[in-house]
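Content type compact mmCIF, C-alpha atoms and all ligand atoms, from the file upload20.txt:
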# COMPACT_ATOMS: atom_id res chain seq x y z
CA MET T 15 -27.81 0.63 -5.56
CA ARG T 16 -24.56 2.18 -4.30
CA ARG T 17 -21.85 -0.38 -3.80
CA PRO T 18 -18.69 0.40 -1.87
CA ILE T 19 -15.04 0.18 -2.85
CA GLY T 20 -13.33 -2.50 -0.73
CA ILE T 21 -9.81 -1.70 0.45
CA PHE T 22 -7.74 -4.06 2.53
CA ASP T 23 -4.40 -4.14 4.22
CA SER T 24 -2.46 -6.20 6.75
CA GLY T 25 -3.36 -3.53 9.30
CA ILE T 26 -3.55 0.21 9.63
CA GLY T 27 -1.04 1.44 7.04
CA GLY T 28 -3.44 0.93 4.15
CA LEU T 29 -5.27 4.02 5.34
CA THR T 30 -2.60 5.97 3.39
CA VAL T 31 -4.17 4.43 0.27
CA MET T 32 -7.72 5.02 1.49
CA LYS T 33 -6.90 8.69 2.08
CA GLU T 34 -5.75 9.12 -1.53
CA ILE T 35 -8.76 7.23 -2.90
CA ALA T 36 -11.16 9.35 -0.83
CA LYS T 37 -9.48 12.48 -2.24
CA VAL T 38 -9.74 11.39 -5.87
CA LEU T 39 -13.20 9.78 -5.51
CA PRO T 40 -15.01 11.97 -2.97
CA HIS T 41 -18.46 10.43 -3.54
CA GLU T 42 -17.53 6.78 -3.16
CA ASP T 43 -18.49 4.67 -0.16
CA ILE T 44 -15.49 2.78 1.18
CA LEU T 45 -15.21 -0.35 3.24
CA TYR T 46 -11.76 -0.73 4.79
CA PHE T 47 -10.51 -4.01 6.21
CA GLY T 48 -7.37 -4.08 8.40
CA ASP T 49 -6.08 -7.50 9.44
CA ILE T 50 -4.47 -6.23 12.65
CA ALA T 51 -4.64 -9.68 14.31
CA HIS T 52 -2.13 -10.97 11.75
CA THR T 53 -0.05 -7.87 11.16
CA PRO T 54 2.77 -7.57 10.16
CA TYR T 55 2.61 -9.55 6.93
CA GLY T 56 6.10 -8.38 5.91
CA PRO T 57 8.09 -11.15 7.66
CA LYS T 58 5.57 -13.93 6.82
CA SER T 59 5.75 -16.51 4.07
CA PRO T 60 3.82 -16.20 0.80
CA HIS T 61 1.43 -19.10 1.41
CA ILE T 62 0.21 -17.67 4.72
CA ILE T 63 -0.18 -14.20 3.23
CA LYS T 64 -2.17 -15.68 0.32
CA GLU T 65 -4.43 -17.53 2.71
CA PHE T 66 -5.21 -14.37 4.72
CA ALA T 67 -5.75 -12.33 1.56
CA GLU T 68 -8.10 -14.85 0.02
CA ARG T 69 -10.29 -14.91 3.13
CA ILE T 70 -10.42 -11.13 3.28
CA VAL T 71 -11.45 -10.82 -0.39
CA ARG T 72 -14.23 -13.36 0.20
CA PHE T 73 -15.43 -11.24 3.11
CA LEU T 74 -15.35 -8.04 1.03
CA ILE T 75 -17.33 -9.73 -1.73
CA ARG T 76 -19.93 -10.88 0.81
CA GLU T 77 -20.22 -7.23 1.86
CA GLY T 78 -21.04 -6.31 -1.73
CA VAL T 79 -17.98 -4.32 -2.84
CA LYS T 80 -17.72 -3.44 -6.54
CA ILE T 81 -13.93 -3.42 -6.73
CA VAL T 82 -11.15 -4.60 -4.44
CA VAL T 83 -8.09 -2.48 -3.79
CA VAL T 84 -5.11 -4.28 -2.32
CA ALA T 85 -3.51 -1.44 -0.39
CA CYS T 86 -0.86 -3.71 1.09
CA ASN T 87 2.37 -3.87 -0.91
CA THR T 88 3.22 -7.23 0.61
CA VAL T 89 -0.07 -8.80 -0.52
CA SER T 90 0.18 -7.08 -3.92
CA SER T 91 3.67 -8.57 -4.32
CA VAL T 92 2.94 -12.16 -3.38
CA ALA T 93 -0.78 -12.75 -4.00
CA LEU T 94 -2.26 -10.35 -6.54
CA GLN T 95 -2.12 -12.63 -9.58
CA GLU T 96 -3.65 -15.49 -7.64
CA LEU T 97 -6.46 -13.31 -6.26
CA LYS T 98 -7.22 -12.01 -9.75
CA GLY T 99 -7.50 -15.58 -10.96
CA LEU T 100 -9.82 -16.61 -8.14
CA PHE T 101 -12.39 -13.82 -8.12
CA PRO T 102 -14.54 -12.34 -10.87
CA LEU T 103 -14.49 -8.68 -9.80
CA PRO T 104 -11.72 -6.15 -10.57
CA ILE T 105 -8.82 -6.37 -8.10
CA LEU T 106 -6.14 -3.69 -8.24
CA GLY T 107 -2.77 -3.77 -6.53
CA VAL T 108 -0.16 -1.21 -5.76
CA ILE T 109 2.86 -2.48 -7.73
CA GLU T 110 2.01 -1.59 -11.32
CA PRO T 111 0.94 2.03 -10.74
CA GLY T 112 4.08 2.70 -8.69
CA VAL T 113 6.33 1.14 -11.29
CA LYS T 114 4.77 3.14 -14.13
CA LYS T 115 5.26 6.39 -12.26
CA ALA T 116 8.87 5.53 -11.41
CA LEU T 117 9.65 4.80 -15.06
CA GLU T 118 8.07 8.11 -16.04
CA LEU T 119 10.20 10.02 -13.55
CA SER T 120 13.56 8.29 -13.83
CA LYS T 121 16.12 9.80 -16.21
CA ASN T 122 19.04 7.42 -15.65
CA LEU T 123 16.84 4.33 -15.14
CA HIS T 124 18.57 3.51 -11.86
CA ILE T 125 15.53 2.81 -9.71
CA GLY T 126 15.49 2.01 -6.01
CA VAL T 127 12.70 0.03 -4.36
CA ILE T 128 12.13 -0.29 -0.64
CA GLY T 129 9.54 -2.45 1.10
CA THR T 130 9.00 -5.24 3.61
CA GLU T 131 11.08 -8.40 3.53
CA ALA T 132 8.32 -10.38 1.75
CA THR T 133 7.84 -7.64 -0.85
CA ILE T 134 11.53 -7.42 -1.71
CA ARG T 135 12.05 -11.19 -1.59
CA SER T 136 9.17 -11.73 -4.03
CA ASN T 137 10.99 -9.67 -6.71
CA ALA T 138 7.57 -8.38 -7.82
CA TYR T 139 8.70 -4.77 -8.25
CA GLN T 140 11.98 -5.78 -9.84
CA LYS T 141 10.22 -8.06 -12.37
CA LYS T 142 7.52 -5.51 -13.20
CA ILE T 143 10.09 -2.77 -13.87
CA LYS T 144 12.17 -5.06 -16.09
CA SER T 145 9.10 -6.27 -17.98
CA ILE T 146 8.31 -2.70 -19.02
CA GLN T 147 11.87 -1.36 -19.39
CA LYS T 148 14.61 -3.92 -19.96
CA MET T 149 17.37 -1.32 -19.68
CA ALA T 150 16.39 -0.33 -16.14
CA LYS T 151 18.64 -1.19 -13.23
CA VAL T 152 16.73 -1.98 -10.06
CA TYR T 153 18.21 -1.80 -6.59
CA ALA T 154 15.95 -3.20 -3.91
CA LYS T 155 16.25 -3.10 -0.15
CA ALA T 156 14.03 -4.47 2.60
CA CYS T 157 13.58 -1.95 5.43
CA PRO T 158 11.91 -3.95 8.22
CA LEU T 159 12.41 -1.30 10.92
CA PHE T 160 10.47 1.37 9.06
CA VAL T 161 7.00 -0.06 9.87
CA PRO T 162 7.50 -0.23 13.67
CA LEU T 163 9.12 3.22 13.64
CA VAL T 164 5.99 4.70 12.08
CA GLU T 165 3.64 2.75 14.34
CA GLU T 166 5.55 4.01 17.36
CA GLY T 167 5.23 7.60 16.11
CA TRP T 168 8.99 7.88 15.60
CA GLU T 169 8.97 8.65 11.89
CA HIS T 170 10.67 12.01 12.41
CA GLY T 171 13.82 12.72 14.37
CA LYS T 172 17.33 11.39 14.84
CA VAL T 173 16.59 7.68 15.22
CA ALA T 174 14.50 7.60 12.04
CA VAL T 175 17.22 9.48 10.11
CA GLN T 176 19.90 7.07 11.34
CA VAL T 177 17.86 4.02 10.36
CA ALA T 178 17.06 5.53 6.97
CA LYS T 179 20.74 6.27 6.34
CA LYS T 180 21.70 2.71 7.11
CA TYR T 181 19.07 1.29 4.74
CA LEU T 182 19.37 3.80 1.93
CA SER T 183 23.14 4.41 1.62
CA PRO T 184 23.69 1.26 -0.49
CA LEU T 185 21.01 2.48 -2.92
CA LEU T 186 22.51 5.97 -3.09
CA LYS T 187 25.89 4.45 -3.96
CA LYS T 188 24.19 2.95 -7.03
CA GLU T 189 23.17 6.48 -8.05
CA ILE T 190 19.43 5.88 -8.07
CA ASP T 191 17.46 8.94 -9.21
CA THR T 192 14.05 7.50 -8.27
CA LEU T 193 12.93 5.60 -5.20
CA ILE T 194 9.67 3.65 -4.96
CA LEU T 195 8.16 3.72 -1.48
CA GLY T 196 6.88 0.15 -1.66
CA CYS T 197 5.03 -0.08 1.64
CA THR T 198 1.86 1.41 3.08
CA HIS T 199 3.70 3.10 5.95
CA TYR T 200 6.46 4.81 3.99
CA PRO T 201 4.51 7.88 2.85
CA LEU T 202 4.63 8.94 6.52
CA LEU T 203 8.42 8.70 6.44
CA GLN T 204 8.75 10.90 3.36
CA PRO T 205 10.27 13.94 5.12
CA THR T 206 12.90 11.73 6.77
CA ILE T 207 13.66 9.82 3.57
CA LYS T 208 13.94 13.11 1.66
CA LYS T 209 16.46 14.38 4.21
CA VAL T 210 18.58 11.28 3.62
CA VAL T 211 18.36 10.89 -0.17
CA GLY T 212 18.44 14.59 -1.03
CA ARG T 213 16.67 16.48 -3.79
CA ARG T 214 18.23 14.54 -6.66
CA VAL T 215 16.18 11.43 -5.86
CA ARG T 216 12.46 11.53 -6.72
CA LEU T 217 10.18 9.62 -4.36
CA VAL T 218 7.27 7.62 -5.73
CA ASP T 219 4.30 7.28 -3.40
CA ALA T 220 2.44 4.43 -5.09
CA SER T 221 -0.80 5.15 -3.21
CA LYS T 222 -1.41 8.29 -5.30
CA GLN T 223 -0.98 6.41 -8.58
CA LEU T 224 -3.17 3.56 -7.33
CA ALA T 225 -5.99 5.99 -6.47
CA GLU T 226 -5.89 7.33 -10.03
CA GLN T 227 -6.03 3.80 -11.38
CA VAL T 228 -9.08 2.97 -9.25
CA LYS T 229 -10.82 6.05 -10.66
CA GLU T 230 -9.97 5.05 -14.25
CA GLU T 231 -11.18 1.50 -13.67
CA LEU T 232 -14.54 2.66 -12.23
CA GLN T 233 -14.96 5.16 -15.05
CA LYS T 234 -14.23 2.50 -17.64
CA ARG T 235 -16.85 0.20 -16.12
CA GLY T 236 -19.44 2.98 -15.67
CA LYS T 237 -19.45 2.35 -11.92
CA ILE T 238 -18.26 5.68 -10.60
CA ASN T 239 -20.40 7.65 -8.12
CA MET T 240 -20.52 11.34 -8.98
CA GLU T 241 -22.77 12.57 -6.20
CA GLY T 242 -23.83 12.05 -2.62
CA ALA T 243 -21.93 12.09 0.67
CA PRO T 244 -19.64 9.10 1.09
CA SER T 245 -19.94 6.62 3.93
CA TYR T 246 -16.89 4.90 5.37
CA ARG T 247 -16.91 1.65 7.35
CA PHE T 248 -13.92 0.01 8.98
CA PHE T 249 -13.43 -3.64 9.91
CA VAL T 250 -10.45 -4.76 11.98
CA THR T 251 -9.51 -8.18 13.33
CA ASP T 252 -7.93 -6.76 16.52
CA ALA T 253 -7.03 -3.63 18.50
CA PRO T 254 -9.67 -1.14 17.37
CA GLU T 255 -8.21 1.47 19.81
CA LYS T 256 -4.81 1.28 18.13
CA PHE T 257 -6.52 1.52 14.75
CA LEU T 258 -8.29 4.67 15.90
CA SER T 259 -5.23 6.45 17.25
CA LEU T 260 -2.79 5.63 14.45
CA GLY T 261 -5.60 5.95 11.92
CA LYS T 262 -6.28 9.48 13.06
CA ARG T 263 -2.62 10.38 12.48
CA ILE T 264 -2.74 8.93 8.98
CA MET T 265 -6.11 10.27 7.90
CA GLY T 266 -5.60 13.64 9.55
CA SER T 267 -8.99 13.49 11.27
CA ALA T 268 -10.89 11.25 13.65
CA PHE T 269 -13.34 8.64 12.38
CA SER T 270 -15.74 6.08 13.81
CA ASP T 271 -17.86 3.14 12.68
CA ILE T 272 -15.26 0.49 13.43
CA VAL T 273 -16.35 -3.13 13.68
CA LYS T 274 -14.14 -5.68 15.43
CA MET T 275 -14.17 -8.96 13.49
CA SER T 276 -12.97 -12.43 14.37
CA ALA T 277 -9.36 -13.09 13.36
CA ASP T 278 -10.47 -15.75 10.88
CA VAL T 279 -13.15 -13.90 8.96
N1 LIG A 301 1.02 -3.18 4.81
C1 LIG A 301 2.35 -3.74 4.66
C2 LIG A 301 2.90 -3.40 3.28
O1 LIG A 301 2.49 -2.44 2.65
C3 LIG A 301 3.29 -3.24 5.75
C4 LIG A 301 3.00 -3.78 7.12
C5 LIG A 301 3.16 -5.29 7.24
O2 LIG A 301 4.29 -5.80 7.17
O3 LIG A 301 2.15 -5.94 7.41
O4 LIG A 301 3.75 -4.09 2.80

Please re-express this file's structure in structure tokens.
Ligand code: DGL
Amino acid sequence: MRRPIGIFDSGIGGLTVMKEIAKVLPHEDILYFGDIAHTPYGPKSPHIIKEFAERIVRFLIREGVKIVVVACNTVSSVALQELKGLFPLPILGVIEPGVKKALELSKNLHIGVIGTEATIRSNAYQKKIKSIQKMAKVYAKACPLFVPLVEEGWEHGKVAVQVAKKYLSPLLKKEIDTLILGCTHYPLLQPTIKKVVGRRVRLVDASKQLAEQVKEELQKRGKINMEGAPSYRFFVTDAPEKFLSLGKRIMGSAFSDIVKMSADV
């Protein structure tokens, strides 16, 4: 029996991860869960985020997923270890693959990390980098305005550049040569961020690395689907219309089969 990959996020941004997974694993069925009723997670406290995440994973398991992908950087930062301890199936987060790629790319080991307030406050990226490479210097910055900018469709243009300059100048002063985009929405801001940081700084889009890791994990467990057309299902806890319109921008094409769930799944 074909079992889907379960992907979840605080809302819509996790579709950036789904897009990469669908590219790398074109025959896999995917079940996407976006907790729009509770988004954004970024400013919330760890115990609330953990509570939401736990409920969502229980739901995904009830739906029969074979692996859970935590697309949300905020959840990956504050709840991944706990989720792994609670549930028997493989659960992958976005931190480790992004960190590994950054360490591969960086020459001077001055690494910048940007994300939501909860992600940066958790120190998850900083700790992971240091645990692999003690010599690395990590400069982290929360960029809370980036998510609403993207959701408003303002990721390009003067305002976005100004905001990016304000957030990123302190990191540039530290001579970072690599910058981890530690949030689901930031891949959409890449052109703007590139304009601000210049060509010397390599950007790490963790969603690409995570997709590769999901493929490796399924291969290792002999659970990869190599044929058949994929089916995609979407569950959201609020605002399916918003999910559709922003989702179309992220995925590059329209999609359907959206189910509106209760806010406390
Ligand atoms: N999905 C979140 C993340 O990647 C960003 C949006 C939010 O704050 O909920 O951290």

**Request:** Residues within 6 Å of ligand LIG 301 (chain A), counting only C-alpha atoms and all ligand atoms: report them as an NGL selection string.
**Result:** :T and (23-24 or 27 or 53-56 or 86-88 or 130 or 197-198)

**Request:** Would you work out the distance separating atom CA of T:Gln233 from atom CA of T:Glu34, expressed in Å to one decimal?
**Result:** 16.8 Å

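Taking all atoms listed in the file into account, T:Val82 lies nearest to T:Arg17 out of the set T:Lys64, T:Arg135, T:Arg17, T:His124.
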
**Spatial neighbours of T:Pro60, max dist 12 Å, all atoms listed in the file, sep filter under 5 positions, as a ChimeraX atom specification** = /T:55,65-67,88-94,96,131-136

**Message:** Just to confirm, what's the straight-line distance from atom CA of T:Lys58 to atom CA of T:Gly78 in Å (one decimal)?
**Reply:** 29.0 Å

**Prompt:** So what do you get for atom CA of T:Ile19 versus atom CA of T:Asn137, distance-wise?
**Reply:** 28.1 Å

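Of the residues under consideration (T:Ile125, T:Ile207, T:His170, T:Glu165), T:Ile125 shows the shortest atom-to-atom contact distance to T:Met149 when counting all atoms listed in the file.
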
**Request:** Could you check which of T:Leu74, T:Ala85, T:Leu39, T:Val279 is closest to T:Pro111, using only C-alpha atoms?
**Result:**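 Closest residue, counting only C-alpha atoms: T:Ala85.
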
**Item:** Close residues, T:Ser259 itself excluded, 12 Å, only C-alpha atoms, min 6 positions apart in chain, as a PyMOL selection string
**Value:** chain T and resi 26+165-167+253+265-270

**Request:** Write out as a list in words each polymer residue whose atoms come within 12 Å of stretch 144-147 of chain T, counting only C-alpha atoms; drop sequence neighbours fewer than 3 positions from it.
**Result:**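 The residues that qualify are Glu110, Val113, Lys114, Lys115, Ala116, Leu117, Glu118, Ser120, Asn122, Leu123, His124, Ile125, Asn137, Ala138, Tyr139, Gln140, Lys141, Ala150, Lys151, Val152 and Tyr153 of chain T.
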
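Using only C-alpha atoms, the shortest contact distance between T:Pro158 and any of T:Val177, T:Ile194, T:Asp43, T:Ile105 is found at T:Val177.
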
**Asked** Smallest atom-to-atom distance to T:Glu230: which of T:Leu182, T:Leu106, T:Ile264, T:Met15, using all atoms listed in the file?
**Response**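 Nearest to T:Glu230: T:Leu106.
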
Keeping just N, CA and C atoms, export stretch 87-106 of chain T of this structure as a PDB file, in the first residue's frame.
ATOM      1  N   ASN T  87      10.915  25.954  10.301  1.00  0.00           N
ATOM      2  CA  ASN T  87      12.179  26.125  11.028  1.00  0.00           C
ATOM      3  C   ASN T  87      11.935  26.357  12.508  1.00  0.00           C
ATOM      4  N   THR T  88      10.858  27.066  12.827  1.00  0.00           N
ATOM      5  CA  THR T  88      10.564  27.366  14.220  1.00  0.00           C
ATOM      6  C   THR T  88      10.281  26.073  14.986  1.00  0.00           C
ATOM      7  N   VAL T  89       9.460  25.203  14.419  1.00  0.00           N
ATOM      8  CA  VAL T  89       9.169  23.918  15.079  1.00  0.00           C
ATOM      9  C   VAL T  89      10.439  23.067  15.133  1.00  0.00           C
ATOM     10  N   SER T  90      11.184  23.034  14.034  1.00  0.00           N
ATOM     11  CA  SER T  90      12.425  22.241  14.017  1.00  0.00           C
ATOM     12  C   SER T  90      13.366  22.722  15.127  1.00  0.00           C
ATOM     13  N   SER T  91      13.380  24.024  15.368  1.00  0.00           N
ATOM     14  CA  SER T  91      14.305  24.588  16.371  1.00  0.00           C
ATOM     15  C   SER T  91      13.891  24.254  17.795  1.00  0.00           C
ATOM     16  N   VAL T  92      12.581  24.331  18.078  1.00  0.00           N
ATOM     17  CA  VAL T  92      12.190  24.203  19.479  1.00  0.00           C
ATOM     18  C   VAL T  92      11.592  22.842  19.850  1.00  0.00           C
ATOM     19  N   ALA T  93      11.170  22.050  18.855  1.00  0.00           N
ATOM     20  CA  ALA T  93      10.411  20.839  19.227  1.00  0.00           C
ATOM     21  C   ALA T  93      10.891  19.538  18.595  1.00  0.00           C
ATOM     22  N   LEU T  94      11.874  19.603  17.704  1.00  0.00           N
ATOM     23  CA  LEU T  94      12.212  18.383  16.952  1.00  0.00           C
ATOM     24  C   LEU T  94      12.641  17.222  17.847  1.00  0.00           C
ATOM     25  N   GLN T  95      13.531  17.506  18.791  1.00  0.00           N
ATOM     26  CA  GLN T  95      14.040  16.413  19.633  1.00  0.00           C
ATOM     27  C   GLN T  95      12.897  15.753  20.400  1.00  0.00           C
ATOM     28  N   GLU T  96      12.016  16.595  20.926  1.00  0.00           N
ATOM     29  CA  GLU T  96      10.890  16.076  21.693  1.00  0.00           C
ATOM     30  C   GLU T  96       9.969  15.212  20.819  1.00  0.00           C
ATOM     31  N   LEU T  97       9.697  15.691  19.618  1.00  0.00           N
ATOM     32  CA  LEU T  97       8.817  14.934  18.706  1.00  0.00           C
ATOM     33  C   LEU T  97       9.452  13.586  18.382  1.00  0.00           C
ATOM     34  N   LYS T  98      10.771  13.609  18.142  1.00  0.00           N
ATOM     35  CA  LYS T  98      11.463  12.354  17.814  1.00  0.00           C
ATOM     36  C   LYS T  98      11.345  11.358  18.960  1.00  0.00           C
ATOM     37  N   GLY T  99      11.385  11.877  20.181  1.00  0.00           N
ATOM     38  CA  GLY T  99      11.282  11.016  21.350  1.00  0.00           C
ATOM     39  C   GLY T  99       9.884  10.460  21.553  1.00  0.00           C
ATOM     40  N   LEU T 100       8.889  11.193  21.064  1.00  0.00           N
ATOM     41  CA  LEU T 100       7.495  10.801  21.322  1.00  0.00           C
ATOM     42  C   LEU T 100       6.942   9.793  20.326  1.00  0.00           C
ATOM     43  N   PHE T 101       7.427   9.869  19.076  1.00  0.00           N
ATOM     44  CA  PHE T 101       6.782   9.074  18.023  1.00  0.00           C
ATOM     45  C   PHE T 101       7.754   8.083  17.387  1.00  0.00           C
ATOM     46  N   PRO T 102       7.221   6.920  16.977  1.00  0.00           N
ATOM     47  CA  PRO T 102       8.114   5.867  16.498  1.00  0.00           C
ATOM     48  C   PRO T 102       8.568   6.018  15.036  1.00  0.00           C
ATOM     49  N   LEU T 103       7.923   6.890  14.262  1.00  0.00           N
ATOM     50  CA  LEU T 103       8.304   6.943  12.842  1.00  0.00           C
ATOM     51  C   LEU T 103       9.397   7.999  12.606  1.00  0.00           C
ATOM     52  N   PRO T 104      10.094   7.936  11.452  1.00  0.00           N
ATOM     53  CA  PRO T 104      11.147   8.929  11.223  1.00  0.00           C
ATOM     54  C   PRO T 104      10.587  10.353  11.107  1.00  0.00           C
ATOM     55  N   ILE T 105      11.219  11.280  11.810  1.00  0.00           N
ATOM     56  CA  ILE T 105      10.800  12.684  11.766  1.00  0.00           C
ATOM     57  C   ILE T 105      12.036  13.514  11.419  1.00  0.00           C
ATOM     58  N   LEU T 106      11.982  14.213  10.308  1.00  0.00           N
ATOM     59  CA  LEU T 106      13.142  14.993   9.879  1.00  0.00           C
ATOM     60  C   LEU T 106      12.851  16.487   9.991  1.00  0.00           C
TER      61      LEU T 106
END
